[in-house]
$ cat work_25.cif   # mmCIF, C-alpha atoms
data_start
#
loop_
_atom_site.label_atom_id
_atom_site.label_comp_id
_atom_site.auth_asym_id
_atom_site.auth_seq_id
_atom_site.Cartn_x
_atom_site.Cartn_y
_atom_site.Cartn_z
CA MET A 1 5.68 35.48 96.72
CA PRO A 2 3.03 32.76 96.37
CA SER A 3 3.58 29.65 94.26
CA VAL A 4 1.47 26.75 92.99
CA MET A 5 1.96 23.42 91.27
CA ALA A 6 0.95 23.81 87.62
CA ASN A 7 1.77 21.50 84.72
CA GLY A 8 3.92 19.42 87.03
CA ILE A 9 6.21 22.19 88.33
CA GLU A 10 6.20 24.86 91.02
CA ILE A 11 5.44 28.27 89.52
CA ALA A 12 6.02 31.44 91.55
CA TYR A 13 3.99 34.53 90.80
CA ALA A 14 3.12 38.02 92.01
CA ASP A 15 -0.59 38.63 92.66
CA GLU A 16 -1.85 42.09 93.59
CA GLY A 17 -5.03 44.12 93.23
CA GLU A 18 -8.59 43.16 92.38
CA GLY A 19 -10.86 43.04 89.34
CA ASP A 20 -10.30 41.84 85.80
CA VAL A 21 -7.00 40.00 85.48
CA LEU A 22 -3.98 41.57 83.78
CA LEU A 23 -1.29 38.92 83.29
CA PHE A 24 2.32 40.00 82.66
CA LEU A 25 4.85 37.66 81.02
CA HIS A 26 8.55 38.52 81.27
CA GLY A 27 11.42 38.01 78.86
CA LEU A 28 14.20 35.44 78.62
CA GLY A 29 16.51 35.27 81.60
CA ILE A 30 14.68 37.83 83.72
CA SER A 31 11.60 37.56 85.96
CA GLN A 32 8.32 39.05 87.15
CA ALA A 33 10.36 41.52 89.25
CA ASP A 34 11.04 43.52 86.09
CA TRP A 35 7.32 44.34 85.81
CA LEU A 36 7.40 46.17 89.15
CA PRO A 37 6.56 49.62 87.67
CA GLN A 38 3.58 48.06 85.87
CA ILE A 39 2.45 46.05 88.91
CA LYS A 40 2.52 49.15 91.13
CA TYR A 41 0.55 51.15 88.58
CA PHE A 42 -2.06 48.66 87.40
CA LYS A 43 -2.88 47.03 90.75
CA ASP A 44 -5.20 49.99 91.42
CA TYR A 45 -7.28 49.06 88.36
CA TYR A 46 -6.86 45.30 87.86
CA ARG A 47 -5.89 42.10 89.57
CA VAL A 48 -2.30 41.92 88.37
CA ILE A 49 -0.62 38.52 88.10
CA ALA A 50 3.00 38.17 87.00
CA PRO A 51 4.45 34.64 87.00
CA ASP A 52 8.04 33.53 86.68
CA PHE A 53 8.40 31.14 83.76
CA ARG A 54 9.83 27.71 84.53
CA GLY A 55 13.60 28.00 84.77
CA HIS A 56 13.35 31.63 85.90
CA GLY A 57 13.14 33.63 89.12
CA GLY A 58 11.41 31.84 91.96
CA SER A 59 9.90 29.09 89.80
CA GLU A 60 11.20 25.56 89.58
CA LYS A 61 14.15 24.99 87.23
CA PRO A 62 13.92 21.40 86.03
CA ASP A 63 16.64 19.86 83.88
CA SER A 64 14.14 19.07 81.14
CA ASP A 65 12.89 20.40 77.82
CA TYR A 66 12.09 24.09 77.38
CA SER A 67 10.09 25.70 74.57
CA ILE A 68 7.55 28.42 73.87
CA SER A 69 4.85 25.75 73.73
CA ILE A 70 5.86 24.38 77.13
CA HIS A 71 5.84 27.87 78.65
CA ALA A 72 2.40 28.47 77.15
CA ALA A 73 1.15 25.18 78.62
CA ASP A 74 2.48 26.27 82.02
CA ILE A 75 0.54 29.54 81.80
CA ILE A 76 -2.67 27.72 80.83
CA ALA A 77 -2.18 25.38 83.80
CA LEU A 78 -1.51 28.34 86.10
CA MET A 79 -4.71 30.02 84.93
CA ASP A 80 -6.62 26.80 85.56
CA VAL A 81 -5.23 26.43 89.08
CA LEU A 82 -6.04 30.05 89.90
CA GLY A 83 -9.51 29.78 88.36
CA LEU A 84 -8.91 32.39 85.68
CA ASP A 85 -11.28 31.92 82.74
CA SER A 86 -9.85 34.76 80.66
CA VAL A 87 -7.21 37.48 81.05
CA HIS A 88 -5.72 40.53 79.47
CA ILE A 89 -2.13 39.54 78.69
CA VAL A 90 1.04 41.59 78.32
CA GLY A 91 4.23 39.95 77.10
CA LEU A 92 7.76 41.31 76.70
CA SER A 93 10.16 39.65 74.25
CA MET A 94 9.95 35.89 75.00
CA GLY A 95 6.80 36.65 76.98
CA GLY A 96 5.30 38.15 73.82
CA MET A 97 6.08 34.94 71.96
CA VAL A 98 4.29 32.96 74.64
CA ALA A 99 1.32 35.34 74.33
CA PHE A 100 1.16 34.69 70.59
CA GLN A 101 1.30 30.94 71.24
CA LEU A 102 -1.59 31.28 73.69
CA ALA A 103 -3.54 33.27 71.09
CA VAL A 104 -3.24 30.26 68.79
CA ASP A 105 -3.73 27.52 71.39
CA VAL A 106 -6.46 29.01 73.60
CA PRO A 107 -7.82 32.21 71.99
CA GLU A 108 -10.95 32.03 74.14
CA ARG A 109 -8.80 32.56 77.26
CA LEU A 110 -7.39 35.94 76.09
CA ARG A 111 -9.43 39.13 76.20
CA THR A 112 -6.64 41.33 74.78
CA MET A 113 -2.92 41.05 74.03
CA THR A 114 -0.21 43.64 74.46
CA ILE A 115 2.98 42.54 72.73
CA VAL A 116 6.08 44.49 73.76
CA ASN A 117 9.15 44.30 71.51
CA SER A 118 8.30 40.84 70.27
CA GLY A 119 6.60 39.08 67.40
CA PRO A 120 4.94 35.90 66.13
CA ALA A 121 8.14 34.20 64.92
CA LEU A 122 11.90 34.05 65.32
CA PRO A 123 13.20 32.37 62.16
CA ASN A 124 16.42 30.41 62.00
CA ASP A 125 16.70 30.29 58.21
CA THR A 126 18.62 33.51 57.51
CA PHE A 127 22.26 34.38 58.08
CA ALA A 128 21.31 37.36 60.27
CA THR A 129 19.22 35.31 62.67
CA LYS A 130 21.75 32.49 62.79
CA LYS A 131 24.51 35.03 63.49
CA MET A 132 22.50 36.45 66.39
CA LEU A 133 22.14 33.02 67.99
CA TRP A 134 25.73 31.97 67.31
CA SER A 135 27.11 35.18 68.78
CA ARG A 136 25.14 34.73 71.99
CA LEU A 137 26.16 31.10 72.34
CA LEU A 138 29.80 32.03 71.70
CA LEU A 139 29.73 34.80 74.31
CA ILE A 140 28.33 32.43 76.93
CA HIS A 141 30.82 29.65 76.21
CA LEU A 142 33.85 31.97 76.00
CA PHE A 143 33.15 34.40 78.82
CA GLY A 144 30.53 32.76 81.04
CA MET A 145 27.12 33.90 82.20
CA LYS A 146 28.31 36.92 84.19
CA ARG A 147 30.01 38.78 81.34
CA PHE A 148 27.34 37.67 78.89
CA ALA A 149 24.63 38.98 81.22
CA GLN A 150 26.32 42.36 81.52
CA LYS A 151 26.49 42.70 77.73
CA VAL A 152 22.84 41.71 77.24
CA ALA A 153 21.69 44.10 79.98
CA GLU A 154 23.65 47.00 78.49
CA ASN A 155 22.06 46.38 75.08
CA MET A 156 18.52 46.50 76.51
CA PHE A 157 18.51 50.30 76.80
CA VAL A 158 19.41 53.37 74.77
CA SER A 159 19.06 56.19 77.31
CA ASP A 160 21.98 57.16 79.56
CA ASP A 161 20.36 56.94 83.00
CA GLN A 162 19.91 53.17 83.25
CA ASP A 163 22.90 52.09 85.37
CA GLU A 164 20.71 50.75 88.18
CA ALA A 165 18.45 48.86 85.77
CA ILE A 166 21.44 47.44 83.88
CA SER A 167 22.98 46.19 87.12
CA ALA A 168 19.72 44.58 88.26
CA LEU A 169 19.12 42.88 84.90
CA ALA A 170 22.72 41.68 84.64
CA ASN A 171 22.50 40.10 88.09
CA GLN A 172 19.23 38.38 87.20
CA ILE A 173 20.49 36.96 83.92
CA ALA A 174 23.80 35.85 85.47
CA SER A 175 21.90 33.98 88.21
CA ASN A 176 20.22 31.67 85.68
CA PRO A 177 21.56 28.12 85.61
CA LYS A 178 23.70 28.09 82.46
CA LYS A 179 22.27 24.81 81.17
CA VAL A 180 18.67 25.97 81.62
CA TYR A 181 19.34 29.37 80.07
CA LEU A 182 20.94 27.75 77.02
CA LYS A 183 17.96 25.44 76.57
CA ASN A 184 15.58 28.38 76.67
CA LEU A 185 17.73 30.45 74.33
CA LYS A 186 18.08 27.72 71.70
CA SER A 187 14.36 26.97 71.81
CA LEU A 188 13.42 30.46 70.59
CA TRP A 189 15.06 30.17 67.20
CA GLY A 190 12.82 28.45 64.70
CA TRP A 191 9.66 28.99 66.74
CA GLY A 192 6.76 30.74 65.03
CA VAL A 193 3.01 30.98 64.50
CA LEU A 194 3.09 33.13 61.36
CA GLU A 195 0.75 30.80 59.53
CA HIS A 196 -1.93 31.60 62.13
CA LEU A 197 -1.35 35.35 62.28
CA ALA A 198 -4.17 36.45 59.99
CA GLY A 199 -6.64 34.35 61.94
CA ILE A 200 -5.95 35.92 65.33
CA GLU A 201 -9.02 37.99 66.28
CA ILE A 202 -7.90 39.04 69.77
CA PRO A 203 -7.56 42.84 70.10
CA THR A 204 -3.82 43.44 70.08
CA LEU A 205 -1.52 46.31 70.94
CA MET A 206 1.97 46.10 69.47
CA LEU A 207 4.11 48.28 71.71
CA ALA A 208 7.51 48.98 70.18
CA GLY A 209 10.60 50.79 71.33
CA ASP A 210 11.89 52.89 68.46
CA CYS A 211 15.39 51.46 69.04
CA ASP A 212 14.39 47.84 69.62
CA TYR A 213 16.41 45.03 68.02
CA SER A 214 13.89 44.69 65.19
CA PRO A 215 12.74 47.78 63.27
CA VAL A 216 9.40 49.49 63.81
CA ALA A 217 8.55 48.64 60.19
CA VAL A 218 8.59 44.94 61.08
CA LYS A 219 6.07 45.52 63.85
CA GLN A 220 3.91 47.55 61.49
CA GLY A 221 3.90 44.62 59.08
CA ILE A 222 2.69 42.33 61.86
CA VAL A 223 -0.10 44.77 62.75
CA ASP A 224 -1.13 45.04 59.10
CA ALA A 225 -1.42 41.26 58.85
CA MET A 226 -3.70 40.96 61.88
CA GLN A 227 -7.44 41.50 62.12
CA CYS A 228 -7.61 43.79 65.14
CA ALA A 229 -4.24 45.29 65.99
CA GLU A 230 -2.63 48.66 66.46
CA LEU A 231 0.94 49.91 66.85
CA VAL A 232 2.26 52.38 69.43
CA VAL A 233 5.90 53.42 69.30
CA VAL A 234 7.72 54.53 72.45
CA GLU A 235 10.48 56.95 71.56
CA ASN A 236 14.03 56.76 72.86
CA SER A 237 13.68 53.23 74.15
CA GLY A 238 15.36 49.94 73.36
CA HIS A 239 14.36 46.34 74.00
CA GLY A 240 13.60 46.95 77.67
CA THR A 241 10.88 49.53 77.04
CA PRO A 242 8.73 48.79 80.16
CA ILE A 243 11.78 49.33 82.40
CA GLU A 244 13.32 52.20 80.45
CA LYS A 245 10.07 54.09 79.84
CA PRO A 246 7.60 52.88 82.49
CA ASP A 247 5.29 55.89 82.40
CA GLU A 248 4.93 55.81 78.62
CA THR A 249 4.44 52.04 78.72
CA ASN A 250 1.77 52.20 81.42
CA ARG A 251 -0.08 55.00 79.67
CA ALA A 252 -0.14 53.19 76.32
CA ILE A 253 -1.40 49.95 77.88
CA LYS A 254 -4.06 51.73 79.92
CA VAL A 255 -5.41 53.66 76.91
CA PHE A 256 -5.58 50.43 74.94
CA LEU A 257 -7.29 48.45 77.70
CA ASN A 258 -9.80 51.22 78.30
CA ALA A 259 -10.95 50.80 74.71
CA TRP A 260 -11.83 47.14 75.37
#
$ encode --input "work_25.cif" --output "C-alpha cells"
Amino acid sequence: MPSVMANGIEIAYADEGEGDVLLFLHGLGISQADWLPQIKYFKDYYRVIAPDFRGHGGSEKPDSDYSISIHAADIIALMDVLGLDSVHIVGLSMGGMVAFQLAVDVPERLRTMTIVNSGPALPNDTFATKKMLWSRLLLIHLFGMKRFAQKVAENMFVSDDQDEAISALANQIASNPKKVYLKNLKSLWGWGVLEHLAGIEIPTLMLAGDCDYSPVAVKQGIVDAMQCAELVVVENSGHGTPIEKPDETNRAIKVFLNAW
C-alpha cells in the first residue's frame, strides 16, 4: 500500500484504476480495507483512492489532537500531494462527517458526495447522545478494547451471515491504540456543520441502512434541508451497509454517479 507525507503525517492509501477519482473515507476505528468490495467494483470505472485516516490502519498514529476538521485537512493535503483537483467522495459514518466538513471547507474540490449512514452533526446536548458516548467510554474502560470492539462489530449488522465480517471488524477496532481511539471517539460528539447545510450545493446521495443507528426519517430530514440531495434506503442492513450489502451499495452509488 503506498503512503505519502500530507499535513505533517504519513498517510497510507489504496489507489487502483484510472479515470475520474472516487475517494472513499472509512469509519471510526476501521480502515480502507473495509471498502474492498467497492474498490474491486469501481476500479473498472474510476480511479479509486481509499486512505486510512490518521490514527487508523497503515497511517501514522501520532499522540496529538484528533478531530473531524483535522481529518478533513489531512484529506485536502492528500489531494494536493496526489494532484487531485476535484473528486467524487463517499464517506461511511465518521467518513461521512469528514465529507460534510469538506463540503463546507472546500466545496470546489467535491464533484459529488455519497454519505453512508452518517450526517452533518453529532450533538452532545441531549441525554440520548450523552448516554451513547458515556456507554462506549464505560465499555472501553471496564472491559478493554478487545471486548468493546467485539460489541461494536456485532452491532454493525442485522443479517445473520456476517460472522466473518464481524470478526474482521472486531480485530481492526481492537488493534487501535486505546488512547488514539478515545481521542477520535470523543472528538465526534459536539461536531457539526448544520448551520451550513442549506448552503451545500454539491449533488449528494444519502445512502441509509434501514436498521442504522439513526432512523431513516432523520436522513430524509437532512435531504429535505439540502439543495441537491436524494435518499436511497438499503433494506435489511445496519450501520455497516457497504460491508453487509455490497451489491446494493455499489449499484446505488453507480446509478447516482452516472447521473452526474
$ resolve_selection --input "work_25.cif" --expression "the PyMOL selection byres ((chain A and resi 226) around 9)" --output "list in words"
Leu197, Ala198, Gly199, Ile200, Glu201, Thr204, Gly221, Ile222, Val223, Asp224, Ala225, Gln227, Cys228 and Ala229 of chain A
$ resolve_selection --input "work_25.cif" --expression "the PyMOL selection byres ((chain A and resi 56-63) around 6)" --output "count of residues only"
9
$ resolve_selection --input "work_25.cif" --expression "the PyMOL selection byres ((chain A and resi 81-92) around 6)" --output "MDAnalysis selection string"
chainID A and resid 21:27 78:80 93 95:96 109:116
$ write_last_selection --input "work_25.cif" --atoms "C-alpha atoms" --output "mmCIF file, keeping the file's coordinate frame"
data_model
loop_
_atom_site.group_PDB
_atom_site.id
_atom_site.type_symbol
_atom_site.label_atom_id
_atom_site.label_comp_id
_atom_site.auth_asym_id
_atom_site.auth_seq_id
_atom_site.Cartn_x
_atom_site.Cartn_y
_atom_site.Cartn_z
ATOM 1 C CA VAL A 21 -7.000 40.000 85.480
ATOM 2 C CA LEU A 22 -3.980 41.570 83.780
ATOM 3 C CA LEU A 23 -1.290 38.920 83.290
ATOM 4 C CA PHE A 24 2.320 40.000 82.660
ATOM 5 C CA LEU A 25 4.850 37.660 81.020
ATOM 6 C CA HIS A 26 8.550 38.520 81.270
ATOM 7 C CA GLY A 27 11.420 38.010 78.860
ATOM 8 C CA LEU A 78 -1.510 28.340 86.100
ATOM 9 C CA MET A 79 -4.710 30.020 84.930
ATOM 10 C CA ASP A 80 -6.620 26.800 85.560
ATOM 11 C CA SER A 93 10.160 39.650 74.250
ATOM 12 C CA GLY A 95 6.800 36.650 76.980
ATOM 13 C CA GLY A 96 5.300 38.150 73.820
ATOM 14 C CA ARG A 109 -8.800 32.560 77.260
ATOM 15 C CA LEU A 110 -7.390 35.940 76.090
ATOM 16 C CA ARG A 111 -9.430 39.130 76.200
ATOM 17 C CA THR A 112 -6.640 41.330 74.780
ATOM 18 C CA MET A 113 -2.920 41.050 74.030
ATOM 19 C CA THR A 114 -0.210 43.640 74.460
ATOM 20 C CA ILE A 115 2.980 42.540 72.730
ATOM 21 C CA VAL A 116 6.080 44.490 73.760
#
$ atom_distance --input "work_25.cif" --atom1 "CA of Ile9 (chain A)" --atom2 "CA of His239 (chain A)"
29.2 Å
$ residues_around --input "work_25.cif" --residues "region 173-184 of chain A" --least-positions-apart "3" --cutoff "12 Å" --atoms "only C-alpha atoms" --output "mmCIF file with C-alpha atoms, keeping the file's coordinate frame"
data_model
loop_
_atom_site.group_PDB
_atom_site.id
_atom_site.type_symbol
_atom_site.label_atom_id
_atom_site.label_comp_id
_atom_site.auth_asym_id
_atom_site.auth_seq_id
_atom_site.Cartn_x
_atom_site.Cartn_y
_atom_site.Cartn_z
ATOM 1 C CA GLY A 27 11.420 38.010 78.860
ATOM 2 C CA LEU A 28 14.200 35.440 78.620
ATOM 3 C CA GLY A 29 16.510 35.270 81.600
ATOM 4 C CA ILE A 30 14.680 37.830 83.720
ATOM 5 C CA SER A 31 11.600 37.560 85.960
ATOM 6 C CA ASP A 34 11.040 43.520 86.090
ATOM 7 C CA PHE A 53 8.400 31.140 83.760
ATOM 8 C CA ARG A 54 9.830 27.710 84.530
ATOM 9 C CA GLY A 55 13.600 28.000 84.770
ATOM 10 C CA HIS A 56 13.350 31.630 85.900
ATOM 11 C CA GLY A 57 13.140 33.630 89.120
ATOM 12 C CA GLY A 58 11.410 31.840 91.960
ATOM 13 C CA SER A 59 9.900 29.090 89.800
ATOM 14 C CA GLU A 60 11.200 25.560 89.580
ATOM 15 C CA LYS A 61 14.150 24.990 87.230
ATOM 16 C CA PRO A 62 13.920 21.400 86.030
ATOM 17 C CA ASP A 63 16.640 19.860 83.880
ATOM 18 C CA SER A 64 14.140 19.070 81.140
ATOM 19 C CA ASP A 65 12.890 20.400 77.820
ATOM 20 C CA TYR A 66 12.090 24.090 77.380
ATOM 21 C CA SER A 67 10.090 25.700 74.570
ATOM 22 C CA ILE A 68 7.550 28.420 73.870
ATOM 23 C CA SER A 69 4.850 25.750 73.730
ATOM 24 C CA ILE A 70 5.860 24.380 77.130
ATOM 25 C CA HIS A 71 5.840 27.870 78.650
ATOM 26 C CA MET A 94 9.950 35.890 75.000
ATOM 27 C CA LEU A 133 22.140 33.020 67.990
ATOM 28 C CA TRP A 134 25.730 31.970 67.310
ATOM 29 C CA ARG A 136 25.140 34.730 71.990
ATOM 30 C CA LEU A 137 26.160 31.100 72.340
ATOM 31 C CA LEU A 138 29.800 32.030 71.700
ATOM 32 C CA LEU A 139 29.730 34.800 74.310
ATOM 33 C CA ILE A 140 28.330 32.430 76.930
ATOM 34 C CA HIS A 141 30.820 29.650 76.210
ATOM 35 C CA PHE A 143 33.150 34.400 78.820
ATOM 36 C CA GLY A 144 30.530 32.760 81.040
ATOM 37 C CA MET A 145 27.120 33.900 82.200
ATOM 38 C CA LYS A 146 28.310 36.920 84.190
ATOM 39 C CA ARG A 147 30.010 38.780 81.340
ATOM 40 C CA PHE A 148 27.340 37.670 78.890
ATOM 41 C CA ALA A 149 24.630 38.980 81.220
ATOM 42 C CA GLN A 150 26.320 42.360 81.520
ATOM 43 C CA LYS A 151 26.490 42.700 77.730
ATOM 44 C CA VAL A 152 22.840 41.710 77.240
ATOM 45 C CA ALA A 153 21.690 44.100 79.980
ATOM 46 C CA GLU A 154 23.650 47.000 78.490
ATOM 47 C CA ILE A 166 21.440 47.440 83.880
ATOM 48 C CA SER A 167 22.980 46.190 87.120
ATOM 49 C CA ALA A 168 19.720 44.580 88.260
ATOM 50 C CA LEU A 169 19.120 42.880 84.900
ATOM 51 C CA ALA A 170 22.720 41.680 84.640
ATOM 52 C CA SER A 187 14.360 26.970 71.810
ATOM 53 C CA LEU A 188 13.420 30.460 70.590
ATOM 54 C CA TRP A 189 15.060 30.170 67.200
ATOM 55 C CA TRP A 191 9.660 28.990 66.740
#
$ atom_distance --input "work_25.cif" --atom1 "CA of Lys130 (chain A)" --atom2 "CA of Met156 (chain A)"
19.9 Å
$ closest_residue --input "work_25.cif" --among "A:Ile202, A:Val48, A:Val158, A:Val193" --to "Trp260 (chain A)" --atoms "all atoms listed in the file"
A:Ile202
